[in-house]
Structures are given as C-alpha cells and as structure tokens.
file my_file-v2.cif (mmCIF, C-alpha atoms)
data_model
loop_
_atom_site.label_atom_id
_atom_site.label_comp_id
_atom_site.auth_asym_id
_atom_site.auth_seq_id
_atom_site.Cartn_x
_atom_site.Cartn_y
_atom_site.Cartn_z
CA MET G 1 24.27 -4.95 -16.19
CA VAL G 2 20.72 -3.94 -15.40
CA ASP G 3 19.84 -0.32 -16.06
CA LEU G 4 18.50 1.72 -13.19
CA MET G 5 15.04 2.87 -14.15
CA VAL G 6 13.12 5.70 -12.54
CA LYS G 7 9.57 5.93 -13.77
CA GLU G 8 8.75 9.30 -15.32
CA ARG G 9 6.58 11.08 -12.81
CA LEU G 10 3.15 12.07 -14.05
CA PRO G 11 0.79 14.46 -12.22
CA GLY G 12 -0.35 12.47 -9.23
CA ALA G 13 -2.80 12.49 -6.37
CA ALA G 14 -1.24 15.36 -4.43
CA GLU G 15 -1.21 17.61 -7.49
CA ALA G 16 -4.77 16.68 -8.33
CA ALA G 17 -5.96 17.34 -4.78
CA ALA G 18 -4.28 20.75 -4.80
CA ALA G 19 -5.77 21.63 -8.19
CA ILE G 20 -9.27 20.60 -7.08
CA ALA G 21 -8.92 22.60 -3.87
CA GLU G 22 -7.91 25.77 -5.74
CA GLY G 23 -10.56 25.30 -8.42
CA SER G 24 -8.36 24.73 -11.47
CA LEU G 25 -9.56 21.13 -11.77
CA ARG G 26 -12.94 19.58 -11.09
CA SER G 27 -13.30 16.16 -9.54
CA GLU G 28 -15.71 15.21 -12.30
CA GLU G 29 -13.03 15.92 -14.91
CA LEU G 30 -10.52 13.74 -13.09
CA VAL G 31 -12.93 10.87 -12.49
CA ARG G 32 -14.12 10.99 -16.09
CA ALA G 33 -10.51 10.80 -17.27
CA CYS G 34 -9.96 7.74 -15.07
CA LEU G 35 -13.07 6.08 -16.44
CA GLU G 36 -11.89 6.71 -19.99
CA ARG G 37 -8.56 5.05 -19.20
CA ILE G 38 -10.39 2.10 -17.69
CA GLU G 39 -12.63 1.75 -20.72
CA ALA G 40 -9.61 1.78 -23.01
CA SER G 41 -7.60 -0.95 -21.24
CA GLU G 42 -9.74 -2.83 -18.71
CA GLU G 43 -10.43 -5.65 -21.15
CA ALA G 44 -6.69 -6.37 -21.21
CA VAL G 45 -5.85 -5.55 -17.57
CA GLN G 46 -9.02 -6.72 -15.77
CA ALA G 47 -8.19 -4.86 -12.56
CA TRP G 48 -11.75 -4.20 -11.37
CA THR G 49 -14.37 -6.47 -9.87
CA PHE G 50 -16.97 -3.73 -9.27
CA LEU G 51 -17.21 -0.44 -11.11
CA ASP G 52 -20.29 1.75 -11.56
CA PRO G 53 -19.28 4.74 -13.72
CA ASP G 54 -22.50 6.64 -13.05
CA TYR G 55 -22.09 6.29 -9.31
CA ALA G 56 -18.44 7.33 -9.49
CA LEU G 57 -19.40 10.48 -11.42
CA LYS G 58 -22.22 11.16 -8.96
CA GLN G 59 -19.71 11.16 -6.09
CA ALA G 60 -17.44 13.49 -8.06
CA ARG G 61 -20.23 15.95 -8.75
CA GLU G 62 -21.10 15.97 -5.06
CA ARG G 63 -17.48 16.77 -4.20
CA ASP G 64 -17.47 19.60 -6.74
CA ALA G 65 -20.71 21.00 -5.36
CA PHE G 66 -19.34 20.84 -1.83
CA ARG G 67 -16.21 22.75 -2.80
CA GLY G 68 -18.31 25.26 -4.72
CA SER G 69 -20.24 26.02 -1.53
CA GLY G 70 -17.11 27.54 -0.05
CA ARG G 71 -16.76 25.03 2.76
CA PRO G 72 -13.27 23.70 3.63
CA VAL G 73 -12.23 20.54 1.84
CA GLY G 74 -10.25 17.53 3.01
CA PRO G 75 -6.77 16.46 1.84
CA LEU G 76 -8.16 13.98 -0.72
CA HIS G 77 -11.16 16.01 -1.82
CA GLY G 78 -12.37 14.82 -5.21
CA VAL G 79 -9.48 12.37 -5.74
CA PRO G 80 -10.52 8.87 -6.90
CA VAL G 81 -9.27 5.83 -4.96
CA GLY G 82 -9.61 2.12 -5.74
CA LEU G 83 -10.27 -0.35 -2.92
CA LYS G 84 -9.26 -3.99 -2.79
CA ASP G 85 -12.33 -6.20 -2.70
CA ILE G 86 -11.67 -7.39 0.85
CA ILE G 87 -12.43 -3.93 2.30
CA ASP G 88 -16.03 -3.34 3.33
CA THR G 89 -18.06 -0.65 1.59
CA ALA G 90 -21.69 -0.02 2.50
CA ASP G 91 -22.56 1.23 -0.99
CA MET G 92 -20.73 -1.43 -3.04
CA PRO G 93 -20.39 -5.20 -2.82
CA THR G 94 -17.39 -6.73 -1.05
CA GLU G 95 -16.89 -10.31 -2.21
CA ASN G 96 -13.42 -11.16 -0.84
CA GLY G 97 -12.33 -12.83 -4.05
CA THR G 98 -14.50 -15.91 -3.50
CA VAL G 99 -17.75 -17.21 -4.95
CA LEU G 100 -18.82 -17.95 -1.38
CA ASP G 101 -19.28 -14.20 -0.88
CA ALA G 102 -20.84 -13.45 -4.27
CA GLY G 103 -23.25 -10.55 -3.91
CA ARG G 104 -22.21 -9.82 -0.31
CA ARG G 105 -23.25 -6.31 0.78
CA PRO G 106 -21.68 -5.05 4.02
CA ARG G 107 -23.83 -3.00 6.37
CA GLU G 108 -21.20 -0.33 6.95
CA ASP G 109 -17.91 0.99 5.70
CA ALA G 110 -14.57 -0.22 6.97
CA THR G 111 -12.92 2.32 9.28
CA MET G 112 -10.36 3.21 6.62
CA VAL G 113 -13.13 3.80 4.05
CA ALA G 114 -15.01 6.08 6.43
CA ARG G 115 -11.81 8.08 6.89
CA LEU G 116 -11.21 8.28 3.15
CA ARG G 117 -14.73 9.61 2.60
CA ALA G 118 -14.21 12.13 5.42
CA ALA G 119 -11.04 13.27 3.63
CA GLY G 120 -13.14 13.87 0.49
CA ALA G 121 -12.01 10.91 -1.60
CA VAL G 122 -14.16 9.43 -4.36
CA VAL G 123 -14.37 5.64 -3.99
CA LEU G 124 -14.07 4.74 -7.65
CA GLY G 125 -14.73 1.02 -7.29
CA LYS G 126 -13.46 -2.32 -6.00
CA THR G 127 -10.29 -3.91 -7.34
CA VAL G 128 -9.65 -7.61 -7.81
CA SER G 129 -8.30 -9.69 -4.92
CA THR G 130 -7.01 -13.21 -5.11
CA GLU G 131 -9.20 -15.80 -3.36
CA LEU G 132 -9.57 -14.68 0.27
CA ALA G 133 -6.40 -12.63 -0.27
CA PHE G 134 -4.21 -15.76 -0.53
CA TYR G 135 -2.61 -17.54 -3.48
CA GLY G 136 -5.57 -18.38 -5.74
CA PRO G 137 -5.15 -15.93 -8.67
CA GLY G 138 -7.90 -13.61 -9.83
CA LYS G 139 -8.51 -12.42 -13.38
CA THR G 140 -6.07 -9.49 -13.36
CA ARG G 141 -3.16 -9.31 -15.83
CA ASN G 142 0.11 -7.42 -15.57
CA PRO G 143 -0.29 -4.07 -17.40
CA HIS G 144 3.24 -4.38 -18.81
CA ASP G 145 2.71 -7.87 -20.23
CA ALA G 146 -0.72 -9.51 -20.20
CA GLY G 147 0.90 -12.96 -20.19
CA ARG G 148 2.50 -12.33 -16.79
CA THR G 149 1.14 -12.16 -13.27
CA PRO G 150 0.56 -8.77 -11.64
CA GLY G 151 1.38 -10.41 -8.30
CA GLY G 152 -0.98 -11.00 -5.43
CA SER G 153 -3.01 -10.77 -3.45
CA SER G 154 -3.60 -7.06 -4.13
CA SER G 155 -3.39 -7.71 -7.85
CA GLY G 156 -6.17 -5.38 -8.99
CA SER G 157 -5.02 -2.41 -6.91
CA ALA G 158 -1.43 -2.62 -8.18
CA ALA G 159 -2.50 -3.09 -11.80
CA ALA G 160 -5.07 -0.29 -11.66
CA VAL G 161 -2.47 2.25 -10.55
CA ALA G 162 0.13 0.94 -13.01
CA ALA G 163 -2.36 1.15 -15.91
CA GLY G 164 -3.32 4.72 -15.03
CA HIS G 165 -6.87 3.76 -14.11
CA VAL G 166 -6.67 5.53 -10.77
CA PRO G 167 -3.98 7.59 -8.99
CA LEU G 168 -4.31 5.75 -5.68
CA ALA G 169 -5.44 2.33 -4.53
CA VAL G 170 -5.64 0.43 -1.27
CA GLY G 171 -4.65 -3.20 -0.77
CA SER G 172 -3.43 -5.36 2.08
CA GLN G 173 -0.45 -7.46 3.11
CA THR G 174 -0.19 -10.53 5.33
CA ASN G 175 2.93 -11.84 3.60
CA GLY G 176 3.89 -10.05 0.38
CA SER G 177 0.56 -8.88 -1.01
CA THR G 178 1.49 -5.21 -1.47
CA ILE G 179 5.24 -5.10 -1.97
CA ARG G 180 5.38 -7.96 -4.50
CA PRO G 181 2.64 -6.69 -6.89
CA ALA G 182 4.03 -3.16 -6.62
CA SER G 183 7.38 -4.53 -7.77
CA PHE G 184 5.87 -6.57 -10.61
CA CYS G 185 3.66 -3.69 -11.81
CA GLY G 186 6.23 -0.92 -11.43
CA VAL G 187 4.49 1.35 -8.92
CA VAL G 188 5.22 2.54 -5.40
CA GLY G 189 3.92 0.11 -2.79
CA PHE G 190 3.82 0.95 0.91
CA LYS G 191 3.22 -1.46 3.79
CA PRO G 192 3.07 0.65 6.95
CA SER G 193 4.18 -0.32 10.42
CA HIS G 194 1.88 -2.85 12.02
CA GLY G 195 -0.89 -0.92 13.76
CA LEU G 196 -0.53 2.38 11.88
CA ILE G 197 -3.73 1.98 9.84
CA PRO G 198 -6.74 0.19 11.37
CA ARG G 199 -8.08 -2.91 9.65
CA THR G 200 -11.62 -2.86 11.06
CA GLY G 201 -13.92 -3.89 8.22
CA MET G 202 -11.16 -5.61 6.22
CA LEU G 203 -11.06 -9.37 5.75
CA THR G 204 -9.18 -10.85 8.70
CA GLN G 205 -6.58 -13.49 7.95
CA ALA G 206 -4.00 -13.27 10.76
CA PRO G 207 -4.33 -10.18 12.98
CA LEU G 208 -0.71 -10.35 14.14
CA LEU G 209 0.40 -9.97 10.51
CA ASP G 210 -2.42 -8.27 8.55
CA ALA G 211 -1.67 -4.75 7.32
CA VAL G 212 -3.31 -2.26 5.00
CA GLY G 213 -1.30 -1.65 1.82
CA ILE G 214 -1.01 1.40 -0.42
CA PHE G 215 -0.30 1.81 -4.15
CA ALA G 216 0.64 5.13 -5.75
CA ASN G 217 2.90 6.66 -8.37
CA SER G 218 5.12 8.50 -5.89
CA VAL G 219 6.23 8.31 -2.29
CA GLU G 220 4.47 11.60 -1.50
CA ASP G 221 1.18 10.30 -2.90
CA ALA G 222 1.53 7.15 -0.81
CA GLY G 223 2.05 9.34 2.24
CA LEU G 224 -1.02 11.40 1.39
CA LEU G 225 -3.22 8.30 1.27
CA ALA G 226 -1.72 6.79 4.42
CA ASP G 227 -2.21 10.04 6.34
CA ALA G 228 -5.91 9.99 5.56
CA MET G 229 -6.36 6.46 6.98
CA ALA G 230 -3.88 6.34 9.87
CA GLY G 231 -4.76 6.58 13.54
CA HIS G 232 -6.13 4.71 16.50
CA ASP G 233 -9.31 2.66 16.22
CA PRO G 234 -10.58 1.09 19.46
CA ALA G 235 -12.10 -1.71 17.39
CA ASP G 236 -8.65 -2.78 16.18
CA GLY G 237 -6.58 -3.94 19.14
CA GLU G 238 -3.32 -3.73 17.18
CA THR G 239 -3.62 0.06 16.79
CA PHE G 240 -2.73 2.47 19.56
CA PRO G 241 -3.26 6.16 20.43
CA MET G 242 -0.51 8.26 18.87
CA ALA G 243 0.23 11.62 17.36
CA HIS G 244 -0.58 11.87 13.67
CA PRO G 245 2.46 10.73 11.65
CA ARG G 246 2.27 13.49 8.97
CA LEU G 247 3.83 11.15 6.44
CA GLN G 248 3.34 13.26 3.34
CA ARG G 249 4.85 16.37 4.90
CA THR G 250 7.86 14.50 6.23
CA ALA G 251 8.35 12.67 2.92
CA GLY G 252 8.60 16.04 1.18
CA ALA G 253 11.20 17.42 3.58
CA ALA G 254 14.96 17.28 3.06
CA PRO G 255 16.83 14.85 5.33
CA PRO G 256 18.90 16.67 7.99
CA VAL G 257 21.94 14.65 6.93
CA LYS G 258 22.71 12.38 3.98
CA PRO G 259 20.92 9.07 4.60
CA SER G 260 22.87 5.87 5.06
CA PHE G 261 21.76 2.44 3.86
CA ALA G 262 22.31 -1.18 4.84
CA LEU G 263 22.18 -3.64 1.96
CA VAL G 264 20.62 -6.74 3.54
CA LYS G 265 20.48 -9.84 1.39
CA GLY G 266 18.58 -11.81 4.03
CA PRO G 267 18.05 -15.53 4.56
CA THR G 268 16.44 -16.10 1.14
CA TRP G 269 19.02 -14.35 -1.04
CA ASP G 270 19.44 -17.48 -3.18
CA ALA G 271 15.93 -16.83 -4.57
CA ALA G 272 17.04 -13.51 -6.11
CA GLY G 273 17.39 -13.56 -9.88
CA GLU G 274 20.44 -12.30 -11.73
CA ASP G 275 18.70 -9.06 -12.73
CA THR G 276 17.88 -8.28 -9.12
CA ARG G 277 21.36 -9.09 -7.84
CA GLU G 278 23.04 -6.98 -10.50
CA GLY G 279 20.61 -4.11 -10.02
CA LEU G 280 21.15 -3.97 -6.26
CA GLU G 281 24.92 -4.12 -6.70
CA GLU G 282 24.67 -1.24 -9.18
CA LEU G 283 22.55 0.70 -6.71
CA ARG G 284 25.07 0.01 -3.97
CA GLY G 285 27.82 1.31 -6.21
CA PHE G 286 25.82 4.45 -6.93
CA LEU G 287 25.44 5.13 -3.19
CA GLY G 288 29.12 4.52 -2.51
CA ASP G 289 30.18 4.90 1.12
CA ALA G 290 26.56 5.66 2.08
CA CYS G 291 25.70 1.96 1.68
CA ASP G 292 27.25 -1.04 3.44
CA GLU G 293 26.39 -4.70 3.11
CA VAL G 294 25.14 -5.83 6.50
CA PRO G 295 24.53 -9.50 7.40
CA LEU G 296 21.71 -10.45 9.75
CA PRO G 297 22.28 -12.79 12.71
CA SER G 298 21.39 -16.46 12.30
CA ALA G 299 18.24 -15.96 14.40
CA PHE G 300 16.58 -14.31 11.40
CA GLU G 301 16.70 -17.59 9.49
CA ARG G 302 13.68 -18.72 11.55
CA ALA G 303 11.50 -15.81 10.45
CA HIS G 304 9.86 -17.61 7.52
CA GLU G 305 8.99 -20.66 9.62
CA LEU G 306 7.56 -18.49 12.40
CA HIS G 307 5.63 -16.29 10.00
CA ARG G 308 4.00 -19.37 8.47
CA LEU G 309 2.90 -20.60 11.91
CA LEU G 310 1.16 -17.30 12.65
CA MET G 311 -0.37 -17.01 9.19
CA MET G 312 -1.71 -20.55 8.93
CA ALA G 313 -3.09 -20.52 12.47
CA GLY G 314 -4.78 -17.23 11.61
CA PHE G 315 -6.33 -18.77 8.52
CA ALA G 316 -7.65 -21.72 10.52
CA LYS G 317 -9.35 -19.43 13.02
CA ASN G 318 -10.55 -16.57 10.84
CA LEU G 319 -11.41 -18.33 7.57
CA SER G 320 -12.96 -21.45 9.09
CA SER G 321 -16.49 -20.31 8.22
CA TYR G 322 -15.64 -20.51 4.51
CA TYR G 323 -14.22 -24.00 4.97
CA GLU G 324 -17.26 -25.17 6.91
CA ARG G 325 -19.89 -23.87 4.51
CA GLY G 326 -18.17 -24.45 1.21
CA ALA G 327 -14.83 -26.26 1.28
CA SER G 328 -15.50 -27.72 -2.17
CA GLN G 329 -15.75 -24.21 -3.60
CA LEU G 330 -12.37 -23.18 -2.24
CA SER G 331 -9.16 -23.79 -4.14
CA ALA G 332 -7.00 -26.71 -3.09
CA VAL G 333 -4.29 -24.34 -1.86
CA MET G 334 -6.78 -22.46 0.33
CA ARG G 335 -8.20 -25.64 1.83
CA SER G 336 -4.71 -26.94 2.49
CA ALA G 337 -3.70 -23.73 4.27
CA ILE G 338 -6.70 -23.85 6.61
CA GLU G 339 -6.10 -27.53 7.33
CA GLU G 340 -2.42 -26.85 8.04
CA GLY G 341 -3.37 -24.06 10.42
CA ARG G 342 -5.57 -26.42 12.42
CA GLN G 343 -2.48 -28.46 13.27
CA VAL G 344 -0.50 -25.54 14.78
CA LEU G 345 0.08 -26.04 18.50
CA ALA G 346 -0.79 -23.21 20.88
CA VAL G 347 2.70 -23.24 22.38
CA ASP G 348 4.29 -22.82 18.94
CA HIS G 349 1.95 -19.94 18.16
CA MET G 350 2.87 -18.19 21.41
CA LEU G 351 6.58 -18.67 20.80
CA ALA G 352 6.30 -17.30 17.26
CA HIS G 353 4.56 -14.23 18.63
CA GLU G 354 7.37 -13.64 21.14
CA TRP G 355 10.06 -14.04 18.49
CA ARG G 356 8.86 -10.87 16.76
CA ASP G 357 10.25 -8.80 19.64
CA VAL G 358 13.53 -10.73 19.51
CA LEU G 359 14.05 -10.00 15.83
CA ASN G 360 12.99 -6.36 16.15
CA ALA G 361 15.61 -5.96 18.86
CA GLY G 362 18.18 -7.21 16.37
CA LEU G 363 16.92 -4.82 13.71
CA ALA G 364 17.12 -1.94 16.18
CA GLU G 365 20.90 -2.39 16.24
CA VAL G 366 20.99 -2.04 12.45
CA PHE G 367 18.82 1.09 12.53
CA GLU G 368 21.05 2.72 15.16
CA ARG G 369 23.56 3.22 12.34
CA TYR G 370 21.50 3.16 9.14
CA ASP G 371 18.41 5.07 8.05
CA ALA G 372 16.99 2.26 5.94
CA ILE G 373 17.62 -1.28 4.79
CA ILE G 374 17.84 -1.97 1.05
CA THR G 375 16.72 -5.45 0.03
CA PRO G 376 14.86 -7.09 -2.89
CA ALA G 377 11.12 -6.53 -3.17
CA ALA G 378 10.70 -9.70 -5.26
CA PRO G 379 13.02 -12.25 -6.88
CA GLY G 380 12.91 -10.45 -10.22
CA GLU G 381 10.53 -9.45 -12.99
CA ALA G 382 6.95 -10.69 -12.91
CA PRO G 383 6.97 -14.41 -13.81
CA GLU G 384 5.33 -15.59 -17.00
CA GLY G 385 1.94 -17.22 -16.69
CA LEU G 386 -1.23 -16.48 -14.73
CA SER G 387 -1.62 -19.65 -12.67
CA ALA G 388 0.42 -18.29 -9.73
CA THR G 389 1.18 -14.87 -8.25
CA GLY G 390 4.92 -15.11 -7.66
CA ASP G 391 7.16 -15.69 -4.66
CA PRO G 392 6.66 -13.40 -1.61
CA THR G 393 9.83 -14.61 0.11
CA PHE G 394 11.55 -11.21 0.25
CA CYS G 395 8.58 -9.68 2.08
CA THR G 396 8.03 -12.34 4.72
CA LEU G 397 10.65 -11.23 7.26
CA TRP G 398 9.50 -7.61 7.29
CA THR G 399 5.83 -8.52 7.54
CA PHE G 400 6.61 -10.83 10.43
CA CYS G 401 8.49 -8.06 12.25
CA GLY G 402 5.80 -5.45 11.50
CA THR G 403 8.28 -2.95 10.08
CA PRO G 404 7.35 -0.37 7.44
CA ALA G 405 8.43 -1.22 3.90
CA LEU G 406 8.32 0.52 0.53
CA SER G 407 8.77 -0.93 -2.95
CA LEU G 408 10.25 1.64 -5.32
CA PRO G 409 10.21 1.03 -9.12
CA LEU G 410 13.93 1.71 -9.58
CA LEU G 411 15.19 -1.24 -11.62
CA GLN G 412 14.50 -2.79 -15.00
CA GLY G 413 15.12 -6.40 -15.90
CA ALA G 414 16.37 -8.06 -19.05
CA ALA G 415 12.85 -8.32 -20.50
CA GLY G 416 12.28 -4.60 -19.97
CA LEU G 417 9.91 -5.12 -17.05
CA PRO G 418 10.09 -3.35 -13.70
CA ILE G 419 11.83 -4.70 -10.62
CA GLY G 420 11.20 -3.03 -7.29
CA VAL G 421 13.78 -2.15 -4.66
CA GLN G 422 12.46 -2.63 -1.14
CA LEU G 423 13.35 -0.11 1.55
CA VAL G 424 12.66 -1.08 5.16
CA GLY G 425 12.67 1.13 8.24
CA PRO G 426 12.34 0.66 11.99
CA ARG G 427 8.89 -0.17 13.26
CA GLY G 428 6.96 3.01 14.00
CA ASP G 429 9.26 5.30 12.00
CA ASP G 430 7.32 5.30 8.74
CA ALA G 431 7.83 9.02 8.17
CA ARG G 432 11.63 8.79 8.17
CA LEU G 433 11.47 5.81 5.82
CA MET G 434 9.34 7.82 3.39
CA ARG G 435 11.70 10.78 3.56
CA THR G 436 14.67 8.49 2.88
CA ALA G 437 12.87 6.80 -0.02
CA ARG G 438 12.01 10.12 -1.63
CA TRP G 439 15.61 11.29 -1.25
CA LEU G 440 16.90 8.14 -2.94
CA THR G 441 14.44 8.48 -5.81
CA GLU G 442 15.42 12.12 -6.36
CA GLN G 443 19.13 11.26 -6.38
CA LEU G 444 18.58 8.68 -9.10
CA VAL G 445 16.48 11.09 -11.16
CA GLU G 446 19.16 13.76 -10.94
CA ALA G 447 21.86 11.27 -11.90
CA GLN G 448 19.98 10.31 -15.06
CA ASP G 449 19.19 13.87 -16.16
#
call {"tool": "encode", "arguments": {"input": "my_file-v2.cif", "output": "structure tokens"}}
result
Amino acid sequence: MVDLMVKERLPGAAEAAAAIAEGSLRSEELVRACLERIEASEEAVQAWTFLDPDYALKQARERDAFRGSGRPVGPLHGVPVGLKDIIDTADMPTENGTVLDAGRRPREDATMVARLRAAGAVVLGKTVSTELAFYGPGKTRNPHDAGRTPGGSSSGSAAAVAAGHVPLAVGSQTNGSTIRPASFCGVVGFKPSHGLIPRTGMLTQAPLLDAVGIFANSVEDAGLLADAMAGHDPADGETFPMAHPRLQRTAGAAPPVKPSFALVKGPTWDAAGEDTREGLEELRGFLGDACDEVPLPSAFERAHELHRLLMMAGFAKNLSSYYERGASQLSAVMRSAIEEGRQVLAVDHMLAHEWRDVLNAGLAEVFERYDAIITPAAPGEAPEGLSATGDPTFCTLWTFCGTPALSLPLLQGAAGLPIGVQLVGPRGDDARLMRTARWLTEQLVEAQD
C-alpha cells in the first residue's frame, strides 16, 4: 500500500507577511534567504529564466522603508513571489518560453502583477515556462529527482516553491499546467474558478479555458495569494463584478459540519497508476462514510474531445503571429497544434462552448450532496526523463468546466516521490473548496501524529 504523506509545514507566506507587518522580520532578510536558497540549488533545479538579485533586494529595502514610515501595509507586504514567464512585467523581460520573444520587454504590468505590487509583494523574478505554455519542455528539473520532469507548463513556478526558492509563485492552466506540476513537485497547486483572477497581460492561448494558477506550501498561503489578485477587470471579459471571495479567511475557518466527499474516477481512470489507485482507496478508507464513490454520467466522456477543440482553436487564433513570423523556430508539437486548430469548424467550437454548461449542470447535482470531489491530480509520480512534461488527462475535465481545483501533496509513490490528490469544487465556490481542503489536510496530520 502507498503511505499517506503530509508534507511537514514550514513557515510560509502568511507567517512571513505577519512577521514583516509587526516588525519581527524584514523583507530584506526574507528575500536574501530566498536568494541564498536559489544560489545553492538553482544549478540543479533551473527554475528561473530571469533573476536580478540586486533588484530583488532593492524592492525589499523599499518595502522595509515603507513599513518603517508607519504607513499601513498590504497583505503581501515584503513577501517575495515568482512569476511564470508568460506574465507581463514592465521592469523585467517576459519571453513566453520561446526564442521568438527573446528580449521582449512589455510596456506595462499584467493586471495581476499590478495588484500584487499594490499588496506589497516583491516580484523576485520570472520562472521558466514551457514553449508558449504548451508541451515543449523548458530547462527546469524536478527538485525531488533531477532526472524527472517537474511537469508543465508552469514548471519553473512549481519547482521554485518545491525547492524553497520562494514561498509563493504564479503560473497558469489551460489544461493541466498548474495541478500536474504541483502534484509532481509536491506542493499545493490551486486553479481558481474561471474568471476569478483576471488574465490581462498574460499570454493568451484559449480565453474560454485559460486560468491563472497558484503554487504555495499550504492552502492558506494559496488563498492569500489568490485574494491579492482576484476581482473584476473590465479588460478581461471572462471576469465579472463580485464581492471579494476572502479565500484565506474562509480557508482558515472550521467547516460548519463535517465535509463529505465524492470519489470520482472519471473517464480517464485507466491512466491512473497503481500508486495513485491504492493511495486514493486508502484515503477513501480513512474518510469512511464521509466519502462515496460517485460515477459521472456518460456525457462527461466527451469532455476531453470538447476541451481539445476549444484549446486548439484558441491556439490557432491567438498564437498565429508566432507561426507566421517563425514557424521553423517553433517545436513540431507547437506547429502541429496551431495547424490542427485551423481545421476546427466554427459550429464545433460553438457546440463545445455550450457543452460546458451541460456538464456543470451535471456537476451541480453532485455538489448538492458533497462538498468536494476527490480525484487524481496526475497519473502517478513524475515520469522519468525530461523530453516531456507528463499527462494532464486528470485535469482536462475540470479545466473545461471552469471549476476550482486544488492539488494537495498527500500521497507518496513507490519511488518515494510525491503524488497529489486533486480536490474539485463547484464553479464559483472557491472559498468552500479551500476550507474543505484545509480540513482534510489537518485530519491527515492529526492521524499521523
């Protein structure tokens, strides 16, 4: 049997932010500690594509001086954050993981970056992305085993948090680009509900699917980072005016009643490895009558096909400029994806869009009875080799439906590497999902003490 593994919790972003706010820790001390960790292991991990230590320390000193002036500080004041290199920064290059954008300098920050700076965060640097956030691997290695993939496309962000380079990092997900690398690297990964966090200033692949992703060492820290970026942006038509979700506060609250879980194997269960199957069965046994196995209707079997239609059509529209000006400098898999997208019929694209509502209606029936779905985050441990980033199949359905999802580092495979458990909640109810995830993590910690 696979042993349940709960990662020992180290002081994280929330603790650091509180310590900086009260004056017991300086941002410069924290940033310097991060830089020392990077210097010690970056040669092996290779998580960063742009890092200027002097500039990072300059930002930290400015945050310390601001706090020392007695003015109120934001929720992330002085806390370093890594940004995936598809997110625009006016003071750093954003190269989108392709030589076609080498040296590219955006004119302004992405909306999410502007909000992070307003919250007091220190933008430590830019983390490695796969080519145009698709399948072409970057240079990053898995911090647990340098001969294995860290996952993709947010490979650098996941690896940087797992290696202790930075307490928080931002990525993205259009298929499995946050949940899968979080599982492989053994950190918390959070893909919010579609439209919770604006994507203005982030590389556009497929707007109906694209989401900002978050990497942290705890659910509360993930909520802290999401809170700072969430909210309506008129420039992003998939966001909408809403009350602030207060994710971190809700995540830290006790559930009003014991949560209930639906174990959903999904249409691609055959792809799950033995370690994953055994681990989820063990988790189901631990939860007892609070967890039922729930099958999904046959309509869900179309989700992967429909997701691919939306994604490839999005590539053909939004990445066509790269194809036109430098197809020979793109990987074969990237060229093939754009060419496939050009063959998608408009009627099929419209039908795929409408099917999202159909499937969410089916999920609503599940969530009437259960607080969260439990399902694999990835087939198993990170695969050996660096020529591919692993299979995103267990993320596809939830990305297509736009539901919030969390990968929790709760399992360990036969090789001693982490395996994530994916928790999924109803679209728009990210806060309850975070509260349920924190409750589950605490129950497992208590059981092992």
call {"tool": "resolve_selection", "arguments": {"input": "my_file-v2.cif", "expression": "the PyMOL selection byres ((chain G and resi 303) around 10)", "output": "PyMOL selection string"}}
result
chain G and resi 267+299-302+304-309+352+355-356+359+396-401
call {"tool": "closest_atom_pairs", "arguments": {"input": "my_file-v2.cif", "of": "range 332-412 of chain G", "to": "range 183-196 of chain G", "cutoff": "7 Å", "atoms": "all atoms listed in the file", "output": "JSON lines"}}
result
{"residue": "G:Ala377", "atom": "CA", "partner": "G:Ser183", "partner_atom": "CA", "distance": 6.3}
{"residue": "G:Ala378", "atom": "CA", "partner": "G:Ser183", "partner_atom": "CA", "distance": 6.6}
{"residue": "G:Glu381", "atom": "CA", "partner": "G:Phe184", "partner_atom": "CA", "distance": 6.0}
{"residue": "G:Ala382", "atom": "CA", "partner": "G:Phe184", "partner_atom": "CA", "distance": 4.8}
{"residue": "G:Gly402", "atom": "CA", "partner": "G:His194", "partner_atom": "CA", "distance": 4.7}
{"residue": "G:Thr403", "atom": "CA", "partner": "G:Ser193", "partner_atom": "CA", "distance": 4.9}
{"residue": "G:Pro404", "atom": "CA", "partner": "G:Ser193", "partner_atom": "CA", "distance": 4.4}
{"residue": "G:Ala405", "atom": "CA", "partner": "G:Lys191", "partner_atom": "CA", "distance": 5.2}
{"residue": "G:Leu406", "atom": "CA", "partner": "G:Phe190", "partner_atom": "CA", "distance": 4.5}
{"residue": "G:Ser407", "atom": "CA", "partner": "G:Gly189", "partner_atom": "CA", "distance": 5.0}
{"residue": "G:Leu408", "atom": "CA", "partner": "G:Val188", "partner_atom": "CA", "distance": 5.1}
{"residue": "G:Pro409", "atom": "CA", "partner": "G:Gly186", "partner_atom": "CA", "distance": 5.0}
call {"tool": "resolve_selection", "arguments": {"input": "my_file-v2.cif", "expression": "the PyMOL selection byres ((chain G and resi 81-95) around 9)", "output": "ChimeraX atom specification"}}
result
/G:48-51,79-80,96-114,116,121-129,132-133,154-157,160-161,165-172,199-204
call {"tool": "residues_around", "arguments": {"input": "my_file-v2.cif", "residues": "Ser177 in chain G", "least_positions_apart": "3", "cutoff": "6 Å", "atoms": "all atoms listed in the file", "output": "list of chain:residue names"}}
result
G:Gly152, G:Ser153, G:Ser154, G:Gln173
call {"tool": "atom_distance", "arguments": {"input": "my_file-v2.cif", "atom1": "CA of Ala44 in chain G", "atom2": "CA of Glu29 in chain G"}}
result
24.0 Å
call {"tool": "residues_around", "arguments": {"input": "my_file-v2.cif", "residues": "Trp269 in chain G", "least_positions_apart": "5", "cutoff": "10 Å", "atoms": "only C-alpha atoms", "output": "number ranges by chain"}}
result
G: 264, 277, 375-376, 379, 393-394
call {"tool": "resolve_selection", "arguments": {"input": "my_file-v2.cif", "expression": "the PyMOL selection byres ((chain G and resi 340) around 10)", "output": "JSON, numbers by chain"}}
result
{"G": [308, 309, 312, 313, 315, 316, 334, 335, 336, 337, 338, 339, 341, 342, 343, 344]}
call {"tool": "atom_distance", "arguments": {"input": "my_file-v2.cif", "atom1": "CA of Tyr55 in chain G", "atom2": "CA of Gln248 in chain G"}}
result
29.2 Å
call {"tool": "decode", "arguments": {"input": "my_file-v2.cif", "residues": "range 42-48 of chain G", "atoms": "N, CA, C and O atoms", "output": "tab-separated table (two decimals), in the first residue's frame"}}
result
chain	number	residue	atom	x	y	z
G	42	GLU	N	19.95	26.29	-7.67
G	42	GLU	CA	19.43	26.63	-8.99
G	42	GLU	C	20.15	25.88	-10.11
G	42	GLU	O	19.54	25.53	-11.12
G	43	GLU	N	21.41	25.59	-9.95
G	43	GLU	CA	22.13	24.87	-11.00
G	43	GLU	C	21.50	23.51	-11.26
G	43	GLU	O	21.45	23.03	-12.39
G	44	ALA	N	20.97	22.89	-10.19
G	44	ALA	CA	20.33	21.58	-10.33
G	44	ALA	C	18.86	21.70	-10.74
G	44	ALA	O	18.37	20.92	-11.56
G	45	VAL	N	18.16	22.71	-10.21
G	45	VAL	CA	16.71	22.83	-10.43
G	45	VAL	C	16.40	23.61	-11.71
G	45	VAL	O	15.50	23.25	-12.45
G	46	GLN	N	17.11	24.71	-11.93
G	46	GLN	CA	16.92	25.56	-13.11
G	46	GLN	C	15.47	26.03	-13.25
G	46	GLN	O	14.82	25.86	-14.28
G	47	ALA	N	14.98	26.65	-12.19
G	47	ALA	CA	13.59	27.10	-12.15
G	47	ALA	C	13.39	28.50	-12.72
G	47	ALA	O	12.27	28.88	-13.05
G	48	TRP	N	14.47	29.29	-12.84
G	48	TRP	CA	14.34	30.71	-13.15
G	48	TRP	C	14.87	31.03	-14.55
G	48	TRP	O	15.92	30.52	-14.97
